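Student: Input start-v6.csv, format and content: CSV, C-alpha atoms.
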```csv
chain,number,residue,atom,x,y,z
A,1,MET,CA,45.5,-1.4,-14.7
A,2,SER,CA,43.4,-0.9,-11.6
A,3,THR,CA,40.3,1.3,-11.4
A,4,PHE,CA,39.1,3.5,-8.5
A,5,ARG,CA,35.4,2.7,-8.5
A,6,SER,CA,33.0,-0.1,-9.3
A,7,GLU,CA,30.6,1.2,-11.9
A,8,ILE,CA,27.2,-0.4,-12.3
A,9,ASP,CA,26.6,-0.9,-16.0
A,10,LEU,CA,22.9,-1.4,-16.8
A,11,GLN,CA,21.7,-3.1,-19.9
A,12,ALA,CA,18.6,-1.9,-21.8
A,13,SER,CA,15.4,-3.1,-20.1
A,14,SER,CA,12.5,-4.8,-21.9
A,15,ILE,CA,10.4,-2.1,-20.2
A,16,ARG,CA,10.4,1.0,-22.3
A,17,ILE,CA,9.3,4.5,-21.3
A,18,ASP,CA,8.5,7.2,-23.9
A,19,HIS,CA,6.2,10.3,-24.3
A,20,ARG,CA,3.4,8.2,-25.6
A,21,GLY,CA,3.0,6.1,-22.4
A,22,ARG,CA,1.8,7.0,-18.9
A,23,VAL,CA,4.1,6.7,-15.9
A,24,PHE,CA,3.0,6.7,-12.3
A,25,PHE,CA,5.5,7.4,-9.5
A,26,HIS,CA,4.7,6.4,-5.9
A,27,GLY,CA,6.5,6.0,-2.7
A,28,SER,CA,9.5,7.5,-1.0
A,29,CYS,CA,10.9,10.9,-1.8
A,30,PHE,CA,13.4,9.5,-4.3
A,31,THR,CA,10.4,9.1,-6.7
A,32,ASP,CA,10.1,12.9,-6.6
A,33,ASN,CA,13.7,13.2,-7.9
A,34,ILE,CA,13.3,11.0,-11.0
A,35,GLY,CA,9.6,11.7,-11.5
A,36,GLN,CA,10.1,15.4,-11.6
A,37,LYS,CA,12.7,15.0,-14.3
A,38,LEU,CA,10.2,13.2,-16.5
A,39,LYS,CA,7.5,15.8,-15.7
A,40,ASP,CA,9.9,18.6,-16.7
A,41,LEU,CA,10.4,16.8,-20.0
A,42,HIS,CA,6.7,16.7,-20.6
A,43,PHE,CA,6.1,13.0,-20.1
A,44,PRO,CA,2.6,12.2,-19.0
A,45,VAL,CA,3.3,11.4,-15.3
A,46,ILE,CA,1.7,11.5,-11.9
A,47,ILE,CA,4.0,11.8,-8.8
A,48,ASN,CA,3.0,10.8,-5.3
A,49,PRO,CA,-0.7,11.7,-5.2
A,50,PHE,CA,-0.7,11.0,-1.5
A,51,GLY,CA,2.5,12.9,-0.9
A,52,VAL,CA,5.7,11.1,0.0
A,53,VAL,CA,5.0,7.6,1.4
A,54,TYR,CA,8.0,5.9,3.0
A,55,ASN,CA,7.0,2.3,3.9
A,56,PRO,CA,5.8,-0.6,1.7
A,57,LEU,CA,2.5,-1.2,3.5
A,58,SER,CA,1.4,2.5,3.4
A,59,ALA,CA,2.4,2.6,-0.3
A,60,LEU,CA,0.2,-0.4,-0.9
A,61,ASN,CA,-2.7,1.0,1.1
A,62,SER,CA,-2.8,4.3,-0.8
A,63,LEU,CA,-2.5,2.6,-4.2
A,64,GLY,CA,-5.5,0.4,-3.3
A,65,ILE,CA,-7.5,3.6,-2.4
A,66,ILE,CA,-6.5,5.1,-5.8
A,67,LEU,CA,-7.3,1.9,-7.7
A,68,ASP,CA,-10.8,1.8,-6.2
A,69,ASN,CA,-11.2,5.6,-6.5
A,70,ASP,CA,-12.4,5.8,-2.9
A,71,GLU,CA,-13.5,9.2,-1.5
A,72,TYR,CA,-12.5,10.5,1.9
A,73,THR,CA,-15.1,12.0,4.2
A,74,GLU,CA,-15.0,13.9,7.5
A,75,ASP,CA,-14.7,10.5,9.3
A,76,ASP,CA,-11.4,9.8,7.6
A,77,ILE,CA,-9.6,12.9,8.8
A,78,GLU,CA,-8.6,14.2,12.2
A,79,CYS,CA,-7.5,17.5,13.7
A,80,PHE,CA,-4.3,18.2,15.7
A,81,ASN,CA,-2.6,21.6,16.4
A,82,GLU,CA,-5.4,23.3,14.5
A,83,LEU,CA,-4.7,21.3,11.3
A,84,TRP,CA,-6.9,18.7,9.7
A,85,PHE,CA,-5.0,15.7,8.3
A,86,SER,CA,-5.2,12.1,7.0
A,87,TRP,CA,-3.2,9.3,8.5
A,88,ASP,CA,-2.7,8.0,4.9
A,89,HIS,CA,-1.3,11.3,3.6
A,90,HIS,CA,1.9,13.4,3.9
A,91,SER,CA,1.6,16.5,6.0
A,92,SER,CA,1.6,18.6,2.8
A,93,PHE,CA,-2.1,17.7,2.6
A,94,SER,CA,-2.8,19.1,6.1
A,95,ASN,CA,-5.0,22.2,6.2
A,96,ALA,CA,-6.6,24.5,8.8
A,97,ASN,CA,-9.8,24.3,6.7
A,98,LYS,CA,-11.5,20.9,6.9
A,99,ASP,CA,-13.3,21.2,3.6
A,100,GLU,CA,-10.1,22.3,1.8
A,101,CYS,CA,-8.2,19.4,3.2
A,102,LEU,CA,-10.8,16.9,1.9
A,103,LYS,CA,-11.0,18.8,-1.5
A,104,HIS,CA,-7.3,18.4,-2.0
A,105,ILE,CA,-7.2,14.8,-1.0
A,106,ASN,CA,-10.2,13.7,-3.1
A,107,GLY,CA,-9.1,15.8,-6.1
A,108,GLU,CA,-5.7,14.0,-6.2
A,109,ILE,CA,-7.4,10.6,-5.8
A,110,LYS,CA,-9.8,11.2,-8.7
A,111,SER,CA,-7.1,12.3,-11.2
A,112,ALA,CA,-4.7,9.6,-10.0
A,113,SER,CA,-7.3,6.8,-10.3
A,114,LYS,CA,-7.9,7.7,-14.0
A,115,HIS,CA,-4.1,7.8,-14.6
A,116,LEU,CA,-3.3,4.5,-12.8
A,117,LYS,CA,-5.8,2.4,-14.7
A,118,LYS,CA,-4.1,3.5,-18.0
A,119,THR,CA,-0.6,3.6,-16.7
A,120,ASP,CA,2.1,1.8,-18.7
A,121,VAL,CA,4.8,1.9,-16.0
A,122,LEU,CA,4.4,2.1,-12.3
A,123,LEU,CA,7.6,3.0,-10.4
A,124,LEU,CA,7.5,2.2,-6.7
A,125,THR,CA,10.2,3.3,-4.3
A,126,PHE,CA,10.4,2.0,-0.8
A,127,GLY,CA,12.3,4.0,1.8
A,128,THR,CA,12.1,2.2,5.1
A,129,ALA,CA,10.9,-1.1,6.6
A,130,PHE,CA,10.0,0.6,9.9
A,131,VAL,CA,6.4,1.6,10.3
A,132,TYR,CA,4.4,3.4,13.0
A,133,ARG,CA,1.2,1.8,14.3
A,134,LEU,CA,-1.4,3.9,16.0
A,135,LYS,CA,-2.0,2.5,19.5
A,136,LYS,CA,-5.6,3.5,19.7
A,137,ASN,CA,-6.8,1.4,16.8
A,138,GLY,CA,-3.8,-0.6,15.4
A,139,ARG,CA,-3.7,1.4,12.2
A,140,ILE,CA,-0.4,1.7,10.3
A,141,VAL,CA,0.1,5.3,9.4
A,142,SER,CA,1.9,6.9,6.5
A,143,ASN,CA,2.9,9.9,8.5
A,144,CYS,CA,2.9,10.7,12.3
A,145,HIS,CA,2.0,14.4,11.7
A,146,LYS,CA,4.1,15.4,14.7
A,147,LEU,CA,1.9,13.7,17.3
A,148,PRO,CA,3.6,12.5,20.4
A,149,GLU,CA,5.7,9.4,20.0
A,150,LYS,CA,3.8,7.7,22.9
A,151,GLU,CA,0.8,7.5,20.5
A,152,PHE,CA,2.5,4.9,18.3
A,153,ASP,CA,4.2,1.5,18.3
A,154,ARG,CA,7.2,1.3,16.1
A,155,ILE,CA,7.2,-2.0,14.1
A,156,PHE,CA,9.9,-3.6,11.8
A,157,LEU,CA,8.6,-5.2,8.7
A,158,GLU,CA,10.2,-8.5,8.0
A,159,PRO,CA,10.7,-9.4,4.2
A,160,GLU,CA,8.0,-12.1,4.4
A,161,SER,CA,5.3,-9.7,5.6
A,162,ILE,CA,6.1,-7.2,2.7
A,163,VAL,CA,6.1,-10.1,0.1
A,164,ARG,CA,2.8,-11.5,1.5
A,165,ALA,CA,1.1,-8.1,1.2
A,166,TRP,CA,2.3,-7.2,-2.2
A,167,SER,CA,2.0,-10.6,-3.8
A,168,SER,CA,-1.7,-10.4,-3.0
A,169,PHE,CA,-2.1,-6.9,-4.2
A,170,ILE,CA,-0.2,-7.0,-7.5
A,171,PRO,CA,-2.8,-9.4,-9.1
A,172,GLU,CA,-5.5,-6.9,-8.2
A,173,LEU,CA,-3.5,-4.1,-10.0
A,174,LEU,CA,-3.0,-6.3,-13.1
A,175,LYS,CA,-6.6,-7.3,-13.2
A,176,LYS,CA,-7.5,-3.6,-13.7
A,177,ASN,CA,-4.5,-3.0,-16.0
A,178,PRO,CA,-3.0,-6.2,-17.4
A,179,ALA,CA,-0.3,-4.5,-19.5
A,180,MET,CA,1.1,-2.5,-16.6
A,181,LYS,CA,4.8,-2.9,-15.9
A,182,ILE,CA,6.1,-2.3,-12.3
A,183,ILE,CA,9.6,-1.1,-11.5
A,184,PHE,CA,10.7,-1.4,-7.9
A,185,THR,CA,13.5,0.7,-6.4
A,186,ILE,CA,14.9,1.2,-2.9
A,187,SER,CA,15.5,4.8,-1.9
A,188,PRO,CA,19.2,5.6,-1.4
A,189,VAL,CA,18.1,8.2,1.2
A,190,ARG,CA,19.6,7.1,4.6
A,191,HIS,CA,17.0,7.0,7.4
A,192,TRP,CA,19.4,8.0,10.2
A,193,LYS,CA,16.7,8.1,12.8
A,194,ASP,CA,16.7,4.3,12.6
A,195,GLY,CA,20.3,4.4,13.6
A,196,ALA,CA,23.2,3.2,11.4
A,197,HIS,CA,22.6,-0.5,12.0
A,198,GLY,CA,18.8,0.0,11.9
A,199,ASN,CA,19.0,1.7,8.6
A,200,GLN,CA,21.0,-1.2,7.1
A,201,LEU,CA,18.6,-3.7,8.5
A,202,SER,CA,15.7,-1.7,7.0
A,203,LYS,CA,17.2,-1.5,3.6
A,204,ALA,CA,18.1,-5.2,3.7
A,205,SER,CA,14.5,-6.2,4.4
A,206,LEU,CA,13.3,-4.0,1.5
A,207,LEU,CA,15.9,-5.5,-0.8
A,208,LEU,CA,15.1,-9.1,0.1
A,209,ALA,CA,11.3,-8.4,-0.3
A,210,THR,CA,11.5,-6.6,-3.7
A,211,ASP,CA,13.8,-9.3,-5.0
A,212,GLN,CA,11.3,-12.0,-4.0
A,213,ILE,CA,8.4,-10.1,-5.5
A,214,CYS,CA,10.1,-9.6,-8.8
A,215,LYS,CA,10.8,-13.4,-8.9
A,216,MET,CA,7.1,-14.0,-8.3
A,217,PHE,CA,6.0,-11.7,-11.2
A,218,PRO,CA,8.8,-11.9,-13.7
A,219,ASP,CA,6.6,-10.8,-16.7
A,220,ASN,CA,5.4,-7.6,-15.1
A,221,THR,CA,8.1,-6.5,-12.6
A,222,GLU,CA,11.7,-5.7,-12.3
A,223,TYR,CA,14.2,-3.9,-10.1
A,224,PHE,CA,16.2,-0.7,-10.7
A,225,PRO,CA,19.3,-0.4,-8.5
A,226,ALA,CA,19.1,3.2,-7.5
A,227,TYR,CA,20.2,2.3,-4.0
A,228,GLU,CA,23.2,0.3,-5.2
A,229,ILE,CA,24.3,3.0,-7.6
A,230,LEU,CA,24.7,5.5,-4.8
A,231,MET,CA,26.0,3.1,-2.2
A,232,ASP,CA,28.4,1.0,-4.4
A,233,ASP,CA,29.1,3.0,-7.5
A,234,LEU,CA,29.3,6.6,-6.3
A,235,ARG,CA,30.2,5.6,-2.8
A,236,ASP,CA,31.3,9.0,-1.5
A,237,TYR,CA,29.9,11.8,0.7
A,238,ARG,CA,30.6,14.4,-2.0
A,239,PHE,CA,27.5,12.9,-3.7
A,240,TYR,CA,25.2,13.8,-0.7
A,241,ALA,CA,23.4,17.0,0.1
A,242,GLU,CA,24.4,19.0,3.1
A,243,ASP,CA,22.3,16.9,5.5
A,244,MET,CA,24.5,13.9,4.5
A,245,PHE,CA,21.4,11.7,4.1
A,246,HIS,CA,19.9,12.7,0.7
A,247,PRO,CA,21.6,12.4,-2.7
A,248,ASN,CA,22.7,15.8,-4.1
A,249,SER,CA,21.9,17.0,-7.7
A,250,ILE,CA,25.1,15.4,-9.0
A,251,ALA,CA,24.1,12.0,-7.7
A,252,VAL,CA,20.5,12.4,-8.9
A,253,ASN,CA,21.7,13.4,-12.4
A,254,TYR,CA,24.0,10.4,-12.5
A,255,ILE,CA,21.3,8.0,-11.5
A,256,TRP,CA,19.0,9.7,-14.1
A,257,GLU,CA,21.5,8.9,-16.8
A,258,LYS,CA,21.5,5.3,-15.7
A,259,PHE,CA,17.7,5.3,-15.8
A,260,GLU,CA,17.7,6.8,-19.3
A,261,LYS,CA,20.0,4.1,-20.5
A,262,ALA,CA,17.9,1.3,-19.1
A,263,TYR,CA,14.4,2.5,-20.1
A,264,PHE,CA,14.6,5.0,-23.0
A,265,LYS,CA,15.1,4.2,-26.6
A,266,LYS,CA,17.6,6.3,-28.6
A,267,GLU,CA,14.7,8.3,-30.1
A,268,THR,CA,13.4,9.3,-26.7
A,269,ILE,CA,16.8,10.3,-25.5
A,270,GLU,CA,17.2,12.5,-28.6
A,271,ILE,CA,13.8,14.1,-28.0
A,272,ASN,CA,14.8,14.8,-24.4
A,273,LYS,CA,18.0,16.6,-25.6
A,274,GLU,CA,16.1,18.8,-28.0
A,275,LEU,CA,13.3,19.5,-25.5
A,276,THR,CA,15.9,20.4,-22.8
A,277,ALA,CA,17.6,22.8,-25.2
A,278,ILE,CA,14.3,24.5,-26.1
A,279,LEU,CA,13.3,24.8,-22.5
A,280,GLN,CA,16.7,26.3,-21.5
A,281,ALA,CA,16.4,28.8,-24.3
A,282,LYS,CA,12.8,29.6,-23.4
A,283,ASN,CA,13.7,30.2,-19.7
A,284,HIS,CA,16.8,32.2,-20.6
A,285,ARG,CA,16.9,35.5,-18.6
A,286,VAL,CA,17.0,38.5,-20.9
A,287,PHE,CA,17.9,42.0,-19.6
A,288,ASN,CA,16.9,43.9,-22.7
A,289,LYS,CA,14.1,42.8,-24.9
A,290,GLU,CA,14.2,45.8,-27.2
A,291,THR,CA,17.4,44.7,-29.1
A,292,ASP,CA,17.6,43.2,-32.6
A,293,ALA,CA,19.5,40.3,-31.1
A,294,TYR,CA,16.6,39.4,-28.8
A,295,ARG,CA,14.1,39.7,-31.7
A,296,LYS,CA,16.1,37.3,-33.8
A,297,PHE,CA,16.6,35.0,-30.9
A,298,SER,CA,12.8,34.9,-30.2
A,299,GLU,CA,12.0,34.3,-33.9
A,300,LYS,CA,14.5,31.4,-34.1
A,301,LEU,CA,13.1,29.9,-30.9
A,302,ALA,CA,9.5,30.2,-32.1
A,303,GLU,CA,10.4,28.3,-35.3
A,304,ARG,CA,12.2,25.7,-33.3
A,305,ILE,CA,9.2,25.2,-31.1
A,306,LYS,CA,6.9,25.1,-34.1
A,307,LYS,CA,9.0,22.4,-35.7
A,308,PHE,CA,9.1,20.4,-32.4
A,309,LYS,CA,5.4,20.4,-32.1
A,310,LYS,CA,5.0,19.3,-35.7
A,311,ASP,CA,7.5,16.5,-35.3
A,312,TYR,CA,6.1,15.3,-32.0
A,313,PRO,CA,2.4,16.1,-31.9
A,314,TYR,CA,1.8,13.5,-29.2
A,315,ILE,CA,3.8,15.5,-26.6
A,316,ASP,CA,1.8,18.0,-24.6
A,317,PHE,CA,3.9,21.1,-25.0
```
Since I need it in another form, could you write the structure as structure tokens?
Tutor:
Amino acid sequence: MSTFRSEIDLQASSIRIDHRGRVFFHGSCFTDNIGQKLKDLHFPVIINPFGVVYNPLSALNSLGIILDNDEYTEDDIECFNELWFSWDHHSSFSNANKDECLKHINGEIKSASKHLKKTDVLLLTFGTAFVYRLKKNGRIVSNCHKLPEKEFDRIFLEPESIVRAWSSFIPELLKKNPAMKIIFTISPVRHWKDGAHGNQLSKASLLLATDQICKMFPDNTEYFPAYEILMDDLRDYRFYAEDMFHPNSIAVNYIWEKFEKAYFKKETIEINKELTAILQAKNHRVFNKETDAYRKFSEKLAERIKKFKKDYPYIDF
């Protein structure tokens, strides 16, 4: 009997994620999707402390800054259209007040640096192999901050250049944290500004590069096929948001289920189910809090939370 789709069946990974371990999400906006799910379930996670970073070289640069706990000064930021910004950061860090801009940047670096050095799993998502290089100094930027296009050169990263950069940097990461495991993913978000063909070339370069990197560091790295799940398993526009470029909530939840199967033990999945039920009950909208039914509901929920805290004291509830 024929089937109507090609499901990607993932086996359990040797890398395990649970509430006792720290997870660090970094890179393209797809990290926000999965990272936020772990954060909502009270895993100890940090998500994109530089904001969304799309290309592999900017992701490496910002991780290096976090690893060294570097501090930004006035010389590291610029002003355009009355907003102070950093070329290394997403525009969400921009601020009309210079001191507030620096305070936000350095605060995130400080907390992220402590987290990274104790991180059990680092999840990296690359979005595009196209980078923008500032003409005035040759610097590759994480974000163009709406400056005129004439200020930049647009460069395509060949797989070899990505591999060369990351194969030099990963030993530095492991020197600071030898037990760290790294999961690479390619964002399924389509970069349509690159054009249909350009987007495919970009994803191909990222796929080739991450495959080679994982082969070079087999004990500490592996690849999670988020891109392939959306492209080859779901494979339909009904799994995209209205912009037709980003995965919708159905697709994200489906990829999340695959992620759970690959990286969570049965115990962790059961904890997630119980915690989800508690949070849904806790956030349930009540129109009349004066009824006996609501009082009984609240007492029952309080007992459930008390038991959960007792059973899992290591979860920050």
Student: Excluding same-chain residues fewer than 5 positions from A:Pro218, what lies within 12 Å of it counting all atoms listed in the file, as a list of chain:residue names?
Tutor: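 Neighbouring residues, sequence-local ones excluded: A:Ser14, A:Ile15, A:Ile170, A:Lys181, A:Ile182, A:Ile183, A:Thr210, A:Asp211, A:Gln212, A:Ile213, A:Tyr223.
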Student: Name the residues in contact with A:His26 at a cut-off of 7 Å, using all atoms listed in the file, excluding same-chain residues fewer than 3 positions from it; report them as a VMD selection string.
Tutor: chain A and resid 31 47 to 48 123 to 125
Student: Excluding stretch 109-120 of chain A and residues on its chain fewer than 5 positions from it, collect all residues at most 8 Å away from it, counting all atoms listed in the file, and give them as a PyMOL selection string.
Tutor: chain A and resi 21-24+46+49-50+65-71+176-177+179-181
Student: Atom CA of A:Ala96 and atom CA of A:Glu108 are how many Å apart?
Tutor: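 These atoms are spaced 18.3 Å apart.
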Student: From (5.7, 6.2, 1.3), in the file's coordinates, out to 7 Å: which residues are reached, counting all atoms listed in the file? Answer as a count of residues only.
Tutor: 12
Student: Could you list, as a short mmCIF file (atom, residue, chain, number, x, y, z; two decimals) with C-alpha atoms, in the frame of the given file, every residue within 10 Å of A:Ala251, counting all atoms listed in the file and ignoring same-chain residues fewer than 2 positions away?
Tutor:
```cif
data_model
loop_
_atom_site.label_atom_id
_atom_site.label_comp_id
_atom_site.auth_asym_id
_atom_site.auth_seq_id
_atom_site.Cartn_x
_atom_site.Cartn_y
_atom_site.Cartn_z
CA ILE A 229 24.30 3.00 -7.60
CA LEU A 230 24.70 5.50 -4.80
CA LEU A 234 29.30 6.60 -6.30
CA ASP A 236 31.30 9.00 -1.50
CA ARG A 238 30.60 14.40 -2.00
CA PHE A 239 27.50 12.90 -3.70
CA TYR A 240 25.20 13.80 -0.70
CA ALA A 241 23.40 17.00 0.10
CA HIS A 246 19.90 12.70 0.70
CA PRO A 247 21.60 12.40 -2.70
CA ASN A 248 22.70 15.80 -4.10
CA SER A 249 21.90 17.00 -7.70
CA ASN A 253 21.70 13.40 -12.40
CA TYR A 254 24.00 10.40 -12.50
CA ILE A 255 21.30 8.00 -11.50
CA TRP A 256 19.00 9.70 -14.10
CA GLU A 257 21.50 8.90 -16.80
#
```
Student: Would you mind reading off the distance between atom CA of A:Pro188 and atom CA of A:Tyr132, one decimal, in Å?
Tutor: 20.8 Å
Student: What is the atom CA of A:Gly64 to atom CA of A:Asp316 distance in Å?
Tutor: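 These atoms are spaced 28.6 Å apart.
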Student: Compare A:Cys101, A:Leu174, A:Ala165, A:Cys29 by their minimum atom-to-atom distance to A:Leu122, counting all atoms listed in the file, and give me the closest one.
Tutor: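 The closest residue to A:Leu122 is A:Leu174.
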Student: What's around A:Phe152 at 7 Å? Count all atoms listed in the file, leave out sequence neighbours fewer than 4 positions away in its own chain, and write the answer as a list in words.
Tutor: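 Here the qualifying residues turn out to be Tyr132, Arg133, Leu134 and Lys135 of chain A.
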Student: I'd like to know which of A:Phe317, A:Phe259, A:Phe93, A:Tyr237 is closest to A:Leu275, using all atoms listed in the file.
Tutor: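 Ranked by minimum distance to A:Leu275, first place goes to A:Phe317.
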Student: For a cut-off of 6 Å around (8.9, 1.0, 8.7), file coordinates, pick out all residues using all atoms listed in the file and list them as a list in words.
Tutor: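 Final list of nearby residues, as requested, is Asn55, Thr128, Ala129, Phe130, Val131 and Phe156 of chain A.
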Student: Starting from the incomplete input, reconstruct N, CA and C atoms of stretch 166-185 of chain A and report them as a JSON list (two decimals), in the coordinates of the input.
Tutor:
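This is the output file out17.json:
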```json
[["chain", "number", "residue", "atom", "x", "y", "z"],
["A", 166, "TRP", "N", 2.26, -7.60, -0.86],
["A", 166, "TRP", "CA", 2.30, -7.20, -2.20],
["A", 166, "TRP", "C", 2.03, -8.29, -3.24],
["A", 167, "SER", "N", 2.32, -9.52, -2.88],
["A", 167, "SER", "CA", 2.00, -10.60, -3.80],
["A", 167, "SER", "C", 0.48, -10.85, -3.88],
["A", 168, "SER", "N", -0.26, -10.36, -2.89],
["A", 168, "SER", "CA", -1.70, -10.40, -3.00],
["A", 168, "SER", "C", -2.28, -9.22, -3.72],
["A", 169, "PHE", "N", -1.58, -8.09, -3.63],
["A", 169, "PHE", "CA", -2.10, -6.90, -4.20],
["A", 169, "PHE", "C", -1.79, -6.74, -5.72],
["A", 170, "ILE", "N", -0.62, -7.18, -6.14],
["A", 170, "ILE", "CA", -0.20, -7.00, -7.50],
["A", 170, "ILE", "C", -1.23, -7.66, -8.50],
["A", 171, "PRO", "N", -1.76, -8.87, -8.23],
["A", 171, "PRO", "CA", -2.80, -9.40, -9.10],
["A", 171, "PRO", "C", -4.01, -8.51, -9.26],
["A", 172, "GLU", "N", -4.35, -7.79, -8.17],
["A", 172, "GLU", "CA", -5.50, -6.90, -8.20],
["A", 172, "GLU", "C", -5.16, -5.69, -9.17],
["A", 173, "LEU", "N", -3.93, -5.21, -9.10],
["A", 173, "LEU", "CA", -3.50, -4.10, -10.00],
["A", 173, "LEU", "C", -3.55, -4.61, -11.46],
["A", 174, "LEU", "N", -3.02, -5.81, -11.69],
["A", 174, "LEU", "CA", -3.00, -6.30, -13.10],
["A", 174, "LEU", "C", -4.33, -6.71, -13.60],
["A", 175, "LYS", "N", -5.25, -6.99, -12.72],
["A", 175, "LYS", "CA", -6.60, -7.30, -13.20],
["A", 175, "LYS", "C", -7.24, -6.04, -13.77],
["A", 176, "LYS", "N", -6.96, -4.89, -13.18],
["A", 176, "LYS", "CA", -7.50, -3.60, -13.70],
["A", 176, "LYS", "C", -6.66, -3.13, -14.90],
["A", 177, "ASN", "N", -5.37, -3.49, -14.94],
["A", 177, "ASN", "CA", -4.50, -3.00, -16.00],
["A", 177, "ASN", "C", -3.46, -4.09, -16.32],
["A", 178, "PRO", "N", -3.84, -5.08, -17.13],
["A", 178, "PRO", "CA", -3.00, -6.20, -17.40],
["A", 178, "PRO", "C", -1.63, -5.91, -18.04],
["A", 179, "ALA", "N", -1.56, -4.80, -18.78],
["A", 179, "ALA", "CA", -0.30, -4.50, -19.50],
["A", 179, "ALA", "C", 0.67, -3.68, -18.65],
["A", 180, "MET", "N", 0.28, -3.33, -17.45],
["A", 180, "MET", "CA", 1.10, -2.50, -16.60],
["A", 180, "MET", "C", 2.44, -3.21, -16.25],
["A", 181, "LYS", "N", 3.55, -2.46, -16.32],
["A", 181, "LYS", "CA", 4.80, -2.90, -15.90],
["A", 181, "LYS", "C", 5.20, -2.19, -14.57],
["A", 182, "ILE", "N", 5.82, -2.87, -13.64],
["A", 182, "ILE", "CA", 6.10, -2.30, -12.30],
["A", 182, "ILE", "C", 7.65, -2.33, -12.11],
["A", 183, "ILE", "N", 8.22, -1.17, -11.82],
["A", 183, "ILE", "CA", 9.60, -1.10, -11.50],
["A", 183, "ILE", "C", 9.78, -0.78, -10.02],
["A", 184, "PHE", "N", 10.45, -1.66, -9.31],
["A", 184, "PHE", "CA", 10.70, -1.40, -7.90],
["A", 184, "PHE", "C", 12.09, -0.80, -7.71],
["A", 185, "THR", "N", 12.18, 0.14, -6.80],
["A", 185, "THR", "CA", 13.50, 0.70, -6.40],
["A", 185, "THR", "C", 13.50, 0.84, -4.88]]
```
